[in-house]
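Engineer: Below is one structure. I have some questions about it.
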Amino acid sequence: MEYDVVIVGAGPAGLSAAIRLKQLAAEQDFELSVCVLEKGAEVGAHILSGAVIDPIGLDALLPDWREDETCPVKTEVKADHFMVLGPSGSIRLPNIMMPPLMNNHGNYIASLGNVAKWLAEKAEALGVEIYPGFAAAEVLYNDDGSVKGVATGDMGIGKNGEPKDGYMPGMELHGKYTFFAEGVRGSLSKHLINNFKLDADSEPQKFGIGIKEVWEIDPAKHKKGLVQHSFGWPLDMSTGGGSFLYHFDDNLVAVGFVVHLNYSNPYLSPFDEFQRFKTHPSIRPTFEGGKRLSYGARAITEGGYQSVPKLTFPGGVLVGCSAGFVNVPRIKGSHNAMATGMMAAEAAFEAVRDGRANDELAAYQTAYEGSHVKKDLKRVRNVKPLWSRFGTLIGVGLGGIDMWMNNLGIGLPFTLKHKKTDAASLKPAAKCKPIDYPKPDGVISFDKLSSVFLSSTNHEEDQPAHLTLKDPSIPIETNLPTWAEPAQRFCPAGVYEVVTNDDGTNPRFQINAQNCVHCKTCDIKDPSQNINWVVPEGGGGPIYVNM
Ligand SMILES: Cc1cc2nc3c(=O)[nH]c(=O)nc-3n(C[C@H](O)[C@H](O)[C@H](O)COP(=O)(O)OP(=O)(O)OC[C@H]3O[C@@H](n4cnc5c(N)ncnc54)[C@H](O)[C@@H]3O)c2cc1C
Ligand code: SF4
């Protein structure tokens with residue numbers, strides 16, 4: 001199938017790009033075909049975010065969104081609390097101490113998955129073709145090495161690689177330009193970054209894992225518009241991360257915990273840290289008498305300014321979190337995802353209108369260099385490296401001072417490096433203490449399997465593995481003796497297990513691929529970089545509601 005622009009991923013970046021392309025085409029009365037592929041069974045099914053949304057992106061794309069009854073962005077931030085947690089107590093930092101850019105007034109709380117659904121309706125109304133349930137599995141190249149488009153995966157292939165009943169071969173979608181808007185650690189984006197060496201001049205990308213639940217709480221406890229963040233307990237002072245808790249819509253609370261994936265203790269389990277966080281005496285009362293409605297997890301890009309790769313290559317671009325535009329201290333990336341989608345759209349529209357195809361959209365890179373997105377990332381660029389170098393107590397303090405100084409135009413005159421990848425940051429298990437996590441109480445804290453159940457995750461069982469091992473011997477022969485096979489703990493869905501005989505002998509690595517919630521953490525954190533996450537059959541994975 002031939003299109004002017006093919007877009008992979010129906011998140012804020014991909015959909016904003018699609019809408020902007022069609023807006024420009026309508027304004028200039030120019031015929032332009034745009035299609036969007038989405039691996040989730042429906043748009044929004046795989047999107048997980050906070051989300052406190054800075055409306056700068058919506059204002060630029062659809063300025064009338066506030067008057068639109070159907071827009072799911074309704075809860076304005078009314079109160080902004082920042083807490084430091086200790087094992088049994090907490091301190092609320094006065095808002096006056098917080099650097100102005102951390103202020104959430106004027107922002108909105110919403111489900112980003114619902115925002116994506118709404119954006120998809122707007123895009124379709126403008127004539128964009130959206131195909132949910134179709135995963136882009138392969139990048140297609142022209143003879144000159146430029147990107148020609150993508151191929152969707154075959155449907156109906158068995159574990160043994162043979163076609164089954166209902167086999168449907170994948171489709172080739174060719175575009176004059178192909179946009180990769182896959183979000184964090186996109187599988188095709190990873191391939192393109194390597195193939196075109198897009199990260200040759202940038203620092204390694206850094207990540208966190210965010211684990212989230214949506215609760216319906218006792219109406220008497222609901223404070224619509226309250227945004228609360230914390231750092232400190234239950235993480236130790238050398239592990240970065242923190243919580244978010246957002247009261248929105250009708251008695252809903254989005255609660256989540258982010259652990260920076262440069263943690264060093266292989267015994268750490270981000271899932272269990274999150275469950276433990278909810279039992280803190282300052283947090284637990286919010287959830288008592290409430291009901292947990294949904295669960296999910298997703299990695300988040302944290303490298304920021306110094307980790308943004310080159311954005312263009314012949315025939316295509318990276319937009320949104322495929323490149324990584326999250327402002328880490330603000331925990332916000334959706335506004336920048338939308339903005340970069342729009343910038344790339346403007347560059348592609350001009351190129352197609354001028355009769356060009358499959359060349360490099362240099363105008364997009366130029367637009368980024370002069371944009372508010374780059375400025376947004378630049379002023380917080382040293383916060384994450386300071387946190388990583390000096391730990392929570394000193395690092396967060398120094399990061400805060402740097403943000404204040406930047407606000408006054410006198411921040412650090414240099415950019416600190418991230419140095420290592422997250423995969424390279426684990427210490428050997430022999431040098432670390434196992435962590436004894438409390439058993440879930442089934443009221444406030446839960447186990448992995450009952451949690452994954454709430455994500456409505458499903459995969460066709462008889463299909464080729466989508467969690468591929470470059471060398472199947474590594475988990476047991478290298479990872480287990482060196483790092484106590486950390487995949488058992490960093491996967492928030494219980495996908496990886498080391499099983500043994502009853503007497504503890506004969507360890508085997510078991511992959512419960514059907515539970516995978518597509519967070520991408522294993523692809524990022526596996527210390528041997530042996531796990532390669534590739535798309536499963538389209539439509540598989542979680543079906544998130546209100547995430
Ligand atoms: C825990 C957490 C909390 C966050 N909190 C906030 C917040 O409060 N405010 C904020 O602004 N930002 C927040 N962010 C960041 C924000 O969610 C991202 O910046 C934003 O979602 C990026 O948008 P995107 O369109 O680039 O990617 P995504 O939103 O991830 O969308 C990508 C889409 O592409 C699809 N896709 C991927 N690969 C393929 C493929 N090969 N074929 C077909 N489809 C594919 C995915 O299924 C997905 O639907 C948070 C992130 C996390 C993880
Ligand atoms: S298998 Fe990997 S991508 Fe899937 S849920 Fe576990 S860590 Fe995330």
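Lettering and numbering for the structure tokens are positional, with chains as A, B, ... in the shown order, residues counted from 1 in each chain, and ligands counted from 1 in the shown order.
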Among range 246-491 of chain A, which residues carry a DSSP assignment of strand (DSSP E or B), reported as an MDAnalysis selection string?
Structural biologist: chainID A and resid 246:248 252:260 291:301 312:313 316:318 327 332 458 467:469
Engineer: Excluding Asn458 in chain A and residues on its chain fewer than 6 positions from it, collect all residues at most 9 Å away from it, counting only C-alpha atoms, and give them as JSON, numbers by chain.
Structural biologist: {"A": [514, 515, 516, 517, 539, 540, 541, 542, 543]}
Engineer: Could you list, with a cut-off of 7 Å and counting only C-alpha atoms and all ligand atoms, the residues of chain A near ligand 2, each shown with its nearest atom pair and the distance in Å rounded to one decimal, rows sorted by chain and ascending number, as CSV?
Structural biologist:
residue,atom,partner,partner_atom_place_in_ligand_line,distance
A:Leu467,CA,ligand 2,1 (S),6.6
A:Phe490,CA,ligand 2,7 (S),6.4
A:Cys491,CA,ligand 2,7 (S),3.7
A:Pro492,CA,ligand 2,5 (S),5.7
A:Ala493,CA,ligand 2,5 (S),4.9
A:Gly494,CA,ligand 2,6 (Fe),6.6
A:Val495,CA,ligand 2,1 (S),5.2
A:Tyr496,CA,ligand 2,1 (S),6.9
A:Ala513,CA,ligand 2,1 (S),6.5
A:Asn515,CA,ligand 2,5 (S),6.8
A:Cys516,CA,ligand 2,4 (Fe),3.6
A:Val517,CA,ligand 2,5 (S),4.3
A:His518,CA,ligand 2,3 (S),4.1
A:Cys519,CA,ligand 2,8 (Fe),3.9
A:Lys520,CA,ligand 2,3 (S),3.7
A:Thr521,CA,ligand 2,7 (S),4.3
A:Cys522,CA,ligand 2,2 (Fe),4.1
A:Asp523,CA,ligand 2,2 (Fe),6.4
A:Trp533,CA,ligand 2,3 (S),6.8
Engineer: Determine, counting only C-alpha atoms, which protein, DNA and RNA residues have an atom within 9 Å of an atom of Gly113 in chain A; residues of the same chain fewer than 5 positions away are not included. Present the result as an MDAnalysis selection string.
Structural biologist: chainID A and resid 11 43:49 118 544:547
Engineer: Give me the chain A side of the contact with ligand 1, cut-off 6 Å, one line per residue showing its nearest atom pair and distance in Å at one decimal, counting only C-alpha atoms and all ligand atoms, sorted by chain and residue number, as CSV.
Structural biologist:
residue,atom,partner,partner_atom_place_in_ligand_line,distance
A:Val8,CA,ligand 1,43 (C),5.1
A:Gly9,CA,ligand 1,34 (O),3.1
A:Ala10,CA,ligand 1,33 (C),4.7
A:Gly11,CA,ligand 1,31 (O),3.4
A:Pro12,CA,ligand 1,25 (O),3.9
A:Ala13,CA,ligand 1,25 (O),3.7
A:Gly14,CA,ligand 1,25 (O),5.6
A:Leu37,CA,ligand 1,43 (C),5.0
A:Glu38,CA,ligand 1,44 (N),3.6
A:Lys39,CA,ligand 1,44 (N),3.9
A:Gly40,CA,ligand 1,47 (O),5.2
A:Gly44,CA,ligand 1,49 (O),5.7
A:His46,CA,ligand 1,47 (O),4.6
A:Ile47,CA,ligand 1,49 (O),5.2
A:Leu48,CA,ligand 1,53 (C),5.9
A:Ser49,CA,ligand 1,4 (C),3.8
A:Gly50,CA,ligand 1,5 (N),3.4
A:Ala51,CA,ligand 1,8 (O),3.2
A:Val52,CA,ligand 1,8 (O),3.8
A:Ile53,CA,ligand 1,11 (O),4.7
A:Ala135,CA,ligand 1,42 (N),3.7
A:Ala136,CA,ligand 1,42 (N),3.8
A:Ala137,CA,ligand 1,41 (N),5.7
A:Ala181,CA,ligand 1,26 (O),5.4
A:Glu182,CA,ligand 1,37 (C),3.5
A:Gly183,CA,ligand 1,27 (O),3.2
A:Val184,CA,ligand 1,30 (O),5.8
A:Gly186,CA,ligand 1,38 (N),5.3
A:Gly210,CA,ligand 1,1 (C),3.7
A:Ile211,CA,ligand 1,1 (C),5.8
A:Arg298,CA,ligand 1,53 (C),4.6
A:Ala299,CA,ligand 1,53 (C),5.0
A:Ile300,CA,ligand 1,53 (C),4.3
A:Gly320,CA,ligand 1,26 (O),3.4
A:Cys321,CA,ligand 1,26 (O),3.8
A:Ser322,CA,ligand 1,26 (O),5.8
A:Val326,CA,ligand 1,19 (O),5.4
A:Ile331,CA,ligand 1,6 (C),5.2
A:Lys332,CA,ligand 1,10 (C),3.3
A:Gly333,CA,ligand 1,19 (O),3.2
A:Ser334,CA,ligand 1,11 (O),3.8
A:His335,CA,ligand 1,11 (O),5.6
A:Ala337,CA,ligand 1,26 (O),5.0
Engineer: Any idea what's packed within 7 Å of Gly225 in chain A, counting only C-alpha atoms, ignoring anything in its chain fewer than 2 positions away? Could you give it as a VMD selection string?
Structural biologist: chain A and resid 75 to 79 223 227 247 to 248
Engineer: Those residues you just picked out, can you put them in a file as an mmCIF file, in the first residue's frame with C-alpha atoms?
Structural biologist:
data_model
loop_
_atom_site.group_PDB
_atom_site.id
_atom_site.type_symbol
_atom_site.label_atom_id
_atom_site.label_comp_id
_atom_site.auth_asym_id
_atom_site.auth_seq_id
_atom_site.Cartn_x
_atom_site.Cartn_y
_atom_site.Cartn_z
ATOM 1 C CA THR A 75 -9.312 18.111 35.505
ATOM 2 C CA GLU A 76 -7.289 21.255 36.056
ATOM 3 C CA VAL A 77 -4.491 21.010 38.622
ATOM 4 C CA LYS A 78 -5.658 22.725 41.802
ATOM 5 C CA ALA A 79 -2.969 21.789 44.344
ATOM 6 C CA LYS A 223 -9.395 15.908 46.162
ATOM 7 C CA VAL A 227 -1.050 16.428 42.239
ATOM 8 C CA HIS A 247 -6.664 12.840 41.831
ATOM 9 C CA PHE A 248 -8.755 13.246 38.680
#
Engineer: If we count only C-alpha atoms and set the cut-off at 8 Å, which residues sit around range 262-268 of chain A, ignoring sequence neighbours fewer than 3 positions away in its own chain? Please answer as number ranges by chain.
Structural biologist: A: 206-208, 238-240, 259, 273, 388, 421-423, 425-429, 432-435, 483-486, 489-490
Engineer: For C-alpha atoms, I'd like the residues from the last selection saved as a short mmCIF file (atom, residue, chain, number, x, y, z; two decimals), in the first residue's frame.
Structural biologist:
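So selection-v9.cif came out as:
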data_model
loop_
_atom_site.label_atom_id
_atom_site.label_comp_id
_atom_site.auth_asym_id
_atom_site.auth_seq_id
_atom_site.Cartn_x
_atom_site.Cartn_y
_atom_site.Cartn_z
CA LYS A 206 18.67 6.51 30.04
CA PHE A 207 15.41 5.07 31.29
CA GLY A 208 13.16 4.52 34.26
CA SER A 238 21.59 5.64 46.04
CA THR A 239 18.59 4.58 43.93
CA GLY A 240 16.77 7.24 41.94
CA VAL A 259 12.49 3.58 39.52
CA GLU A 273 9.03 -1.14 45.72
CA SER A 388 22.94 9.56 39.53
CA THR A 421 23.97 2.53 29.86
CA ASP A 422 21.40 1.26 32.36
CA ALA A 423 22.30 -2.33 31.40
CA SER A 425 24.97 -0.38 35.99
CA LEU A 426 24.24 -3.60 37.93
CA LYS A 427 26.76 -4.73 40.54
CA PRO A 428 27.43 -8.45 40.93
CA ALA A 429 24.90 -10.10 43.27
CA CYS A 432 24.78 -6.72 47.16
CA LYS A 433 22.28 -7.51 49.89
CA PRO A 434 19.07 -9.38 48.98
CA ILE A 435 15.97 -7.25 49.71
CA TRP A 483 23.44 -11.16 38.95
CA ALA A 484 21.04 -13.76 40.41
CA GLU A 485 19.17 -13.44 37.07
CA PRO A 486 17.60 -10.01 37.66
CA ARG A 489 12.63 -9.10 39.48
CA PHE A 490 12.82 -6.21 37.00
#
